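Source file: data_23.txt; contents: compact mmCIF, C-alpha atoms.
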```txt
# COMPACT_ATOMS: atom_id res chain seq x y z
CA MET H 107 0.00 0.00 0.00
CA THR H 108 1.31 3.45 -0.91
CA ARG H 109 1.93 5.92 1.89
CA THR H 110 0.41 9.30 0.98
CA PRO H 111 2.68 12.14 2.10
CA VAL H 112 1.32 15.03 4.14
CA LYS H 113 0.79 18.30 2.28
CA LEU H 114 1.17 21.40 4.44
CA LEU H 115 -0.39 24.84 4.60
CA LEU H 116 1.75 27.15 6.73
CA ASP H 117 -0.11 29.78 8.74
CA GLU H 118 0.79 33.47 8.55
CA HIS H 119 3.25 33.62 11.44
CA ILE H 120 5.24 30.56 10.41
CA TRP H 121 8.71 31.29 9.00
CA THR H 122 8.19 31.88 5.26
CA GLY H 123 11.50 30.20 4.38
CA LEU H 124 10.10 26.89 5.61
CA THR H 125 8.17 26.52 2.35
CA ASP H 126 11.30 26.50 0.18
CA ALA H 127 13.26 24.40 2.67
CA LEU H 128 10.56 21.71 2.65
CA GLU H 129 10.14 21.80 -1.11
CA LYS H 130 13.90 21.25 -1.52
CA GLN H 131 13.40 18.05 0.50
CA GLY H 132 10.61 16.94 -1.85
CA TYR H 133 7.61 17.90 0.29
CA ASP H 134 4.51 19.82 -0.80
CA ALA H 135 4.25 22.97 1.31
CA LEU H 136 2.33 26.17 0.70
CA HIS H 137 2.51 29.32 2.81
CA ILE H 138 -0.77 31.16 3.21
CA LEU H 139 1.05 34.41 2.36
CA ASP H 140 1.81 32.94 -1.08
CA THR H 141 -1.89 32.59 -1.85
CA ASP H 142 -4.72 35.02 -2.41
CA GLN H 143 -6.15 33.73 0.89
CA SER H 144 -3.82 35.56 3.28
CA GLY H 145 -5.61 37.44 6.02
CA LEU H 146 -8.37 34.82 6.32
CA ASP H 147 -9.94 34.20 9.70
CA ASP H 148 -9.04 30.85 11.22
CA GLU H 149 -12.08 28.78 10.25
CA PRO H 150 -12.06 29.88 6.59
CA LEU H 151 -8.32 29.16 6.56
CA LEU H 152 -8.98 25.64 7.85
CA ALA H 153 -11.70 25.21 5.21
CA PHE H 154 -9.27 26.38 2.50
CA ALA H 155 -6.66 23.89 3.75
CA ALA H 156 -9.24 21.08 3.95
CA ALA H 157 -10.38 21.74 0.39
CA GLN H 158 -6.76 21.31 -0.75
CA GLU H 159 -6.19 18.32 1.56
CA ARG H 160 -3.45 20.24 3.39
CA ALA H 161 -2.67 20.03 7.10
CA VAL H 162 -2.28 23.41 8.80
CA LEU H 163 0.94 24.18 10.67
CA THR H 164 0.27 27.00 13.12
CA TYR H 165 1.38 28.68 16.33
CA ASN H 166 -2.22 29.78 16.93
CA VAL H 167 -3.36 27.18 19.46
CA LYS H 168 -5.81 29.61 21.06
CA HIS H 169 -8.02 29.79 17.97
CA PHE H 170 -7.37 26.51 16.18
CA ALA H 171 -7.77 24.15 19.18
CA PRO H 172 -11.49 25.00 19.54
CA LEU H 173 -11.93 24.50 15.79
CA VAL H 174 -10.76 20.89 16.13
CA SER H 175 -13.68 20.22 18.49
CA LEU H 176 -16.20 22.23 16.48
CA TRP H 177 -15.30 20.44 13.25
CA TYR H 178 -15.39 17.04 14.95
CA GLU H 179 -18.84 17.73 16.42
CA ALA H 180 -20.09 18.98 13.03
CA GLY H 181 -18.68 15.94 11.22
CA LYS H 182 -16.39 18.11 9.08
CA GLU H 183 -13.15 16.58 7.88
CA HIS H 184 -9.75 18.23 7.61
CA ALA H 185 -6.23 17.08 6.77
CA GLY H 186 -4.94 17.79 10.27
CA ILE H 187 -3.71 20.63 12.42
CA ILE H 188 -0.15 20.77 13.68
CA PHE H 189 0.47 23.07 16.62
CA SER H 190 3.89 24.40 17.48
CA VAL H 191 5.56 26.74 19.89
CA GLN H 192 7.67 29.38 18.17
CA LEU H 193 11.02 27.90 17.22
CA PRO H 194 14.20 29.08 15.51
CA PRO H 195 14.00 28.34 11.76
CA SER H 196 16.50 25.47 11.86
CA GLU H 197 14.63 23.70 14.66
CA LEU H 198 11.26 24.33 13.01
CA LEU H 199 12.58 22.73 9.83
CA ARG H 200 14.13 19.77 11.70
CA GLN H 201 10.97 18.96 13.64
CA THR H 202 8.71 19.45 10.61
CA LEU H 203 10.86 17.07 8.56
CA LYS H 204 10.67 14.47 11.35
CA LEU H 205 6.88 14.77 11.41
CA LEU H 206 6.67 14.44 7.63
CA GLU H 207 8.94 11.38 7.70
CA LYS H 208 6.91 9.65 10.43
CA LEU H 209 3.28 10.48 9.60
CA SER H 210 1.26 9.84 6.47
CA ALA H 211 -1.64 12.02 5.35
CA ASP H 212 -4.04 9.31 6.55
CA GLU H 213 -2.46 9.23 10.02
CA LEU H 214 -2.76 13.02 10.37
CA LYS H 215 -6.28 13.34 8.92
CA ASN H 216 -8.83 14.80 11.39
CA THR H 217 -6.27 15.00 14.20
CA ALA H 218 -4.41 17.72 16.02
CA ARG H 219 -0.77 17.06 16.88
CA TRP H 220 2.04 18.99 18.50
CA LEU H 221 5.14 19.41 16.37
CA GLN H 222 7.21 19.02 19.53
CA GLU H 223 6.23 15.32 19.60
CA PHE H 224 8.84 15.05 16.84
CA LYS H 225 11.76 16.89 18.47
CA GLY H 226 13.62 13.75 19.52
CA ASP H 227 16.52 12.32 17.50
```
I need this file expressed as structure tokens, please.
Amino acid sequence: MTRTPVKLLLDEHIWTGLTDALEKQGYDALHILDTDQSGLDDEPLLAFAAAQERAVLTYNVKHFAPLVSLWYEAGKEHAGIIFSVQLPPSELLRQTLKLLEKLSADELKNTARWLQEFKGD
């Protein structure tokens, strides 16, 4: 069975260089600032990501955590939400690559995970 890789949508405050760094490693990443959707409120951003089957990487736990519950209760599907604390670019890249190596799109679908689960060696 083929393992479907995770596609990412990076939220506004995520380091913009992460997109290129991930693409150089062969991953599909899109920064919201590189779309005509920048400035969206959180739920429309999640809907945009879901429509593109992209998991959202965000620092915005305060607003996205309640959306996980709301979408679950409403039976809405999404490609996943990845929460992170703010990290230096090199560490953000390292942990994101570990997540992408370990999880498939199916494993991340409709879940919320912390990027810091993937900080180990």
Query raised in the report: Skipping near chain neighbours, those fewer than 4 positions away, what residues fall within 12 Å of stretch 125-130 of chain H using only C-alpha atoms, listed as a PyMOL selection string?
Result: chain H and resi 112-118+120-121+134-140+163+195-196+198-207
Expressed in Å, the length from atom CA of H:Val191 to atom CA of H:Thr122 is 15.7 Å
Using only C-alpha atoms, the best pick from H:Arg160, H:Lys225, H:His119, H:His169 as closest to H:Glu183 would be H:Arg160
The residue from H:Gly132, H:Phe189, H:Leu124, H:Leu214 with the smallest atom-to-atom distance to H:Asn166, counting all atoms listed in the file, is H:Phe189
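Residues in contact range of H:Asp212, defined as at most 10 Å between all atoms listed in the file, with sequence neighbours fewer than 3 positions away removed, read Arg109, Thr110, Pro111, Val112, Ala185, Gly186, Leu209, Lys215, Asn216 and Thr217 of chain H.
Across the structure, atom CA of H:Gln143 and atom CA of H:Gln131 are spaced 25.1 Å apart.
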With N, CA and C atoms as the target, complete stretch 165-192 of chain H and hand it back as a PDB file, keeping the file's coordinate frame.
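Written file, part-v4.pdb:
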```
ATOM      1  N   TYR H 165       1.062  28.364  14.934  1.00  0.00           N
ATOM      2  CA  TYR H 165       1.380  28.680  16.330  1.00  0.00           C
ATOM      3  C   TYR H 165       0.110  29.043  17.091  1.00  0.00           C
ATOM      4  N   ASN H 166      -0.988  29.217  16.384  1.00  0.00           N
ATOM      5  CA  ASN H 166      -2.220  29.780  16.930  1.00  0.00           C
ATOM      6  C   ASN H 166      -3.091  28.709  17.601  1.00  0.00           C
ATOM      7  N   VAL H 167      -2.634  28.202  18.715  1.00  0.00           N
ATOM      8  CA  VAL H 167      -3.360  27.180  19.460  1.00  0.00           C
ATOM      9  C   VAL H 167      -4.679  27.752  19.981  1.00  0.00           C
ATOM     10  N   LYS H 168      -4.641  28.979  20.436  1.00  0.00           N
ATOM     11  CA  LYS H 168      -5.810  29.610  21.060  1.00  0.00           C
ATOM     12  C   LYS H 168      -7.045  29.551  20.164  1.00  0.00           C
ATOM     13  N   HIS H 169      -6.869  29.770  18.874  1.00  0.00           N
ATOM     14  CA  HIS H 169      -8.020  29.790  17.970  1.00  0.00           C
ATOM     15  C   HIS H 169      -8.258  28.474  17.239  1.00  0.00           C
ATOM     16  N   PHE H 170      -7.190  27.746  16.947  1.00  0.00           N
ATOM     17  CA  PHE H 170      -7.370  26.510  16.180  1.00  0.00           C
ATOM     18  C   PHE H 170      -7.789  25.325  17.051  1.00  0.00           C
ATOM     19  N   ALA H 171      -7.380  25.275  18.313  1.00  0.00           N
ATOM     20  CA  ALA H 171      -7.770  24.150  19.180  1.00  0.00           C
ATOM     21  C   ALA H 171      -9.296  24.032  19.287  1.00  0.00           C
ATOM     22  N   PRO H 172     -10.030  25.126  19.509  1.00  0.00           N
ATOM     23  CA  PRO H 172     -11.490  25.000  19.540  1.00  0.00           C
ATOM     24  C   PRO H 172     -12.084  24.558  18.199  1.00  0.00           C
ATOM     25  N   LEU H 173     -11.430  24.918  17.104  1.00  0.00           N
ATOM     26  CA  LEU H 173     -11.930  24.500  15.790  1.00  0.00           C
ATOM     27  C   LEU H 173     -11.872  22.986  15.615  1.00  0.00           C
ATOM     28  N   VAL H 174     -10.865  22.359  16.204  1.00  0.00           N
ATOM     29  CA  VAL H 174     -10.760  20.890  16.130  1.00  0.00           C
ATOM     30  C   VAL H 174     -12.033  20.274  16.697  1.00  0.00           C
ATOM     31  N   SER H 175     -12.464  20.748  17.860  1.00  0.00           N
ATOM     32  CA  SER H 175     -13.680  20.220  18.490  1.00  0.00           C
ATOM     33  C   SER H 175     -14.926  20.567  17.691  1.00  0.00           C
ATOM     34  N   LEU H 176     -15.027  21.810  17.251  1.00  0.00           N
ATOM     35  CA  LEU H 176     -16.200  22.230  16.480  1.00  0.00           C
ATOM     36  C   LEU H 176     -16.346  21.416  15.196  1.00  0.00           C
ATOM     37  N   TRP H 177     -15.236  21.216  14.496  1.00  0.00           N
ATOM     38  CA  TRP H 177     -15.300  20.440  13.250  1.00  0.00           C
ATOM     39  C   TRP H 177     -15.628  18.988  13.534  1.00  0.00           C
ATOM     40  N   TYR H 178     -15.081  18.429  14.599  1.00  0.00           N
ATOM     41  CA  TYR H 178     -15.390  17.040  14.950  1.00  0.00           C
ATOM     42  C   TYR H 178     -16.888  16.894  15.224  1.00  0.00           C
ATOM     43  N   GLU H 179     -17.423  17.791  16.065  1.00  0.00           N
ATOM     44  CA  GLU H 179     -18.840  17.730  16.420  1.00  0.00           C
ATOM     45  C   GLU H 179     -19.747  17.926  15.208  1.00  0.00           C
ATOM     46  N   ALA H 180     -19.296  18.716  14.233  1.00  0.00           N
ATOM     47  CA  ALA H 180     -20.090  18.980  13.030  1.00  0.00           C
ATOM     48  C   ALA H 180     -19.872  17.917  11.948  1.00  0.00           C
ATOM     49  N   GLY H 181     -18.958  16.979  12.198  1.00  0.00           N
ATOM     50  CA  GLY H 181     -18.680  15.940  11.220  1.00  0.00           C
ATOM     51  C   GLY H 181     -17.893  16.429  10.015  1.00  0.00           C
ATOM     52  N   LYS H 182     -17.209  17.560  10.169  1.00  0.00           N
ATOM     53  CA  LYS H 182     -16.390  18.110   9.080  1.00  0.00           C
ATOM     54  C   LYS H 182     -15.006  17.473   9.118  1.00  0.00           C
ATOM     55  N   GLU H 183     -14.471  17.190   7.959  1.00  0.00           N
ATOM     56  CA  GLU H 183     -13.150  16.580   7.880  1.00  0.00           C
ATOM     57  C   GLU H 183     -12.098  17.614   7.488  1.00  0.00           C
ATOM     58  N   HIS H 184     -10.891  17.394   7.971  1.00  0.00           N
ATOM     59  CA  HIS H 184      -9.750  18.230   7.610  1.00  0.00           C
ATOM     60  C   HIS H 184      -8.518  17.340   7.531  1.00  0.00           C
ATOM     61  N   ALA H 185      -7.453  17.872   6.976  1.00  0.00           N
ATOM     62  CA  ALA H 185      -6.230  17.080   6.770  1.00  0.00           C
ATOM     63  C   ALA H 185      -5.315  17.079   7.992  1.00  0.00           C
ATOM     64  N   GLY H 186      -5.725  17.758   9.044  1.00  0.00           N
ATOM     65  CA  GLY H 186      -4.940  17.790  10.270  1.00  0.00           C
ATOM     66  C   GLY H 186      -4.508  19.196  10.629  1.00  0.00           C
ATOM     67  N   ILE H 187      -4.249  19.369  11.915  1.00  0.00           N
ATOM     68  CA  ILE H 187      -3.710  20.630  12.420  1.00  0.00           C
ATOM     69  C   ILE H 187      -2.489  20.285  13.245  1.00  0.00           C
ATOM     70  N   ILE H 188      -1.403  20.981  12.966  1.00  0.00           N
ATOM     71  CA  ILE H 188      -0.150  20.770  13.680  1.00  0.00           C
ATOM     72  C   ILE H 188       0.155  22.049  14.449  1.00  0.00           C
ATOM     73  N   PHE H 189       0.155  21.937  15.760  1.00  0.00           N
ATOM     74  CA  PHE H 189       0.470  23.070  16.620  1.00  0.00           C
ATOM     75  C   PHE H 189       1.951  23.075  16.931  1.00  0.00           C
ATOM     76  N   SER H 190       2.491  24.281  17.086  1.00  0.00           N
ATOM     77  CA  SER H 190       3.890  24.400  17.480  1.00  0.00           C
ATOM     78  C   SER H 190       4.081  25.630  18.350  1.00  0.00           C
ATOM     79  N   VAL H 191       5.053  25.549  19.229  1.00  0.00           N
ATOM     80  CA  VAL H 191       5.560  26.740  19.890  1.00  0.00           C
ATOM     81  C   VAL H 191       6.477  27.417  18.881  1.00  0.00           C
ATOM     82  N   GLN H 192       6.756  28.691  19.082  1.00  0.00           N
ATOM     83  CA  GLN H 192       7.670  29.380  18.170  1.00  0.00           C
ATOM     84  C   GLN H 192       9.067  28.820  18.355  1.00  0.00           C
TER      85      GLN H 192
END
```
